[in-house]
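These notes are about the structure you will find just below.
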Amino acid sequence: MALVNAKEMTKKAFEGQYAVPHINTNNLEWSKAILETAQEMNSPIIIATSEGAVKYMGGQHVVVGMVKGLMKDLNITVPVALHLDHGSKEGALNALKSGYTSVMYDGSHEDFETNFANSKEVIEAAKAGNQSVEVEVGTLGGEEDGITGNGDLADPEEVAKMATLGPDMIAAGIGNIHGPYPASWKSLSFETLSKLKQAAGRAIVLHGGSGIPGDQIEKAISMGVSKINVNTELQQANAAAVKEFVISGKVDQGKNFDPRKLYADGYKAMKETVRFKINQFGSANKA
Ligand code: 13P
């Protein structure tokens, strides 16, 4: 199946009270693990790259070619959107030309007027190509690719204004943080989320989806979150499995220096993590 945009899948999730998993990819193993597991679970999926991951892999055309090739050769039939995560305006506009079916323009570090004007430009370009767009209001917490935020709570008035531009998805801070949650972190702000749902009237995106307790994920989904972004948990699962393979001495047995053997346990661990998220987000059999 060809790549699709994320319009239909997130709209259906918003109406059906589940969330589409947005899983960040970093390389071929990641991409294959994400696509294969989505297919096995009959789940729609958003496979995403940060700008840092795009640079790491060589460029946007490498990512587009890799994901399209995997879809064809693995006979993936569930809906898959290829999404640029936290794009700059230029990065998002380029991704729309390179074959991404969905982009996020992240203007959260700009003042609201600049964010609004740039979001408008990216939304118009995406609409012209029938691609989907996510925009962000306010700053999210934690650190991702060198961008640090404060764990903000988004302003519902700004979210309502942003919604008038007609984005498909809006990311807005509700106390969520990228990367591991510190021991001092208490909870998502459901009071903020209920105000944002009213203001947004469409799919709300929860960034920093790694490490949030399951009961809070379920509550957030029941209150309008319909796309949840996960990156760190796959990285941790892969790193733990590869570390075990090396320190247990397995790496020195036979031909285990072969990358296909060296990465096999990490690959399995990533698939298990994606499976867990699909079940937790309620997107299994929603393809
Ligand atoms: P985590 O790395 O915390 O899972 O967050 C991912 C994310 O929000 C990507 O946009």
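Letters A, B, ... go to the chains of the structure tokens in the order shown; residues in each chain start at 1; ligands are counted from 1 in the same order.
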What does the list of residues within 6 Å of ligand 1 look like if you count only C-alpha atoms and all ligand atoms, written as a ChimeraX atom specification?
/A:85,178-179,207-210,229-233
Mind listing the helix (DSSP H, G or I) residues of stretch 216-271 of chain A, per DSSP on the backbone, as a PyMOL selection string?
chain A and resi 216-222+232-247+250-252+259-262+264-271
Write out as a PyMOL selection string the residues lying within 6 Å of A:Val133, counting only C-alpha atoms and excluding same-chain residues fewer than 5 positions away.
chain A and resi 102-104+167-168
Which of stretch 164-237 of chain A counts as strand (DSSP E or B) under DSSP, as number ranges by chain please?
A: 169-172, 174, 177-178, 203-206, 225-230
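Atom CA of A:Arg260 is found 26.2 Å from atom CA of A:Val78.
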The residue from A:Ser50, A:Thr101, A:Asn27, A:Ser88 with the smallest atom-to-atom distance to A:Val4, counting only C-alpha atoms, is A:Thr101
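Among the candidates A:Ala6, A:Gly266, A:Lys243, A:Ser31, the residue lying nearest to A:His83 is A:Ala6 (atoms considered: only C-alpha atoms).
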Near-A:Leu74 list (9 Å; only C-alpha atoms; drop same-chain fewer than 2 positions) as an MDAnalysis selection string:
chainID A and resid 32 35:36 69:72 76
Polymer residues at most 12 Å from A:Val67, only C-alpha atoms, same-chain spacing of 6 or more positions, as an MDAnalysis selection string
chainID A and resid 1:3 25:36 46:49 60:61 73:76 80:83 99:101
Can those selected residues be exported to a file as a short mmCIF file (atom, residue, chain, number, x, y, z; two decimals), in the first residue's frame so that it contains N, CA and C atoms?
```cif
data_model
loop_
_atom_site.label_atom_id
_atom_site.label_comp_id
_atom_site.auth_asym_id
_atom_site.auth_seq_id
_atom_site.Cartn_x
_atom_site.Cartn_y
_atom_site.Cartn_z
N MET A 1 0.84 -1.20 0.00
CA MET A 1 0.00 0.00 0.00
C MET A 1 0.88 1.26 0.00
N ALA A 2 0.42 2.29 -0.67
CA ALA A 2 1.18 3.55 -0.70
C ALA A 2 1.06 4.26 0.64
N LEU A 3 2.01 5.13 0.92
CA LEU A 3 1.92 5.95 2.13
C LEU A 3 0.66 6.79 2.08
N THR A 25 11.67 6.90 14.11
CA THR A 25 12.63 5.93 13.60
C THR A 25 14.02 6.57 13.55
N ASN A 26 15.02 5.73 13.65
CA ASN A 26 16.41 6.19 13.61
C ASN A 26 17.23 5.52 12.53
N ASN A 27 16.77 4.38 12.05
CA ASN A 27 17.54 3.65 11.02
C ASN A 27 16.68 2.55 10.41
N LEU A 28 17.31 1.68 9.64
CA LEU A 28 16.58 0.61 8.96
C LEU A 28 15.92 -0.36 9.94
N GLU A 29 16.66 -0.76 10.99
CA GLU A 29 16.12 -1.73 11.95
C GLU A 29 14.86 -1.17 12.62
N TRP A 30 14.95 0.10 13.02
CA TRP A 30 13.80 0.76 13.65
C TRP A 30 12.59 0.74 12.71
N SER A 31 12.83 1.17 11.48
CA SER A 31 11.73 1.31 10.52
C SER A 31 11.06 -0.03 10.26
N LYS A 32 11.89 -1.06 10.12
CA LYS A 32 11.35 -2.40 9.84
C LYS A 32 10.57 -2.92 11.04
N ALA A 33 11.11 -2.68 12.23
CA ALA A 33 10.42 -3.15 13.45
C ALA A 33 9.07 -2.45 13.60
N ILE A 34 9.02 -1.16 13.31
CA ILE A 34 7.77 -0.39 13.44
C ILE A 34 6.74 -0.88 12.42
N LEU A 35 7.15 -1.01 11.17
CA LEU A 35 6.20 -1.38 10.11
C LEU A 35 5.71 -2.82 10.27
N GLU A 36 6.64 -3.72 10.55
CA GLU A 36 6.24 -5.13 10.71
C GLU A 36 5.25 -5.31 11.85
N ILE A 46 2.08 5.96 12.48
CA ILE A 46 2.80 7.13 11.97
C ILE A 46 4.28 6.87 12.26
N ILE A 47 5.07 6.77 11.20
CA ILE A 47 6.50 6.55 11.35
C ILE A 47 7.14 7.93 11.16
N ALA A 48 7.93 8.35 12.14
CA ALA A 48 8.37 9.74 12.16
C ALA A 48 9.88 9.86 12.28
N THR A 49 10.40 10.96 11.72
CA THR A 49 11.82 11.26 11.90
C THR A 49 11.96 12.67 12.44
N GLN A 60 16.37 13.51 3.69
CA GLN A 60 14.93 13.16 3.59
C GLN A 60 14.66 12.13 2.50
N HIS A 61 15.41 12.20 1.38
CA HIS A 61 15.14 11.25 0.30
C HIS A 61 15.53 9.83 0.70
N ASP A 73 8.27 -4.13 -0.20
CA ASP A 73 8.88 -5.45 -0.08
C ASP A 73 8.30 -6.28 1.07
N LEU A 74 7.84 -5.62 2.13
CA LEU A 74 7.25 -6.36 3.26
C LEU A 74 5.74 -6.50 3.09
N ASN A 75 5.23 -5.98 2.00
CA ASN A 75 3.80 -6.04 1.71
C ASN A 75 2.96 -5.49 2.86
N ILE A 76 3.28 -4.25 3.24
CA ILE A 76 2.56 -3.60 4.35
C ILE A 76 1.26 -3.02 3.80
N VAL A 80 -0.05 3.77 6.69
CA VAL A 80 1.20 4.28 7.25
C VAL A 80 1.40 5.72 6.76
N ALA A 81 1.62 6.63 7.70
CA ALA A 81 1.98 8.01 7.33
C ALA A 81 3.44 8.22 7.68
N LEU A 82 4.17 8.86 6.78
CA LEU A 82 5.57 9.22 7.05
C LEU A 82 5.58 10.70 7.43
N HIS A 83 6.04 10.96 8.66
CA HIS A 83 5.84 12.27 9.29
C HIS A 83 7.17 12.89 9.70
N GLY A 99 8.44 13.89 -0.30
CA GLY A 99 7.62 12.68 -0.29
C GLY A 99 7.07 12.30 1.07
N TYR A 100 7.35 13.11 2.10
CA TYR A 100 6.69 12.87 3.40
C TYR A 100 5.19 13.13 3.19
N THR A 101 4.35 12.35 3.88
CA THR A 101 2.91 12.56 3.71
C THR A 101 2.33 13.39 4.85
#
```
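Going from atom CA of A:Glu191 over to atom CA of A:Gly107, you cover 23.9 Å.
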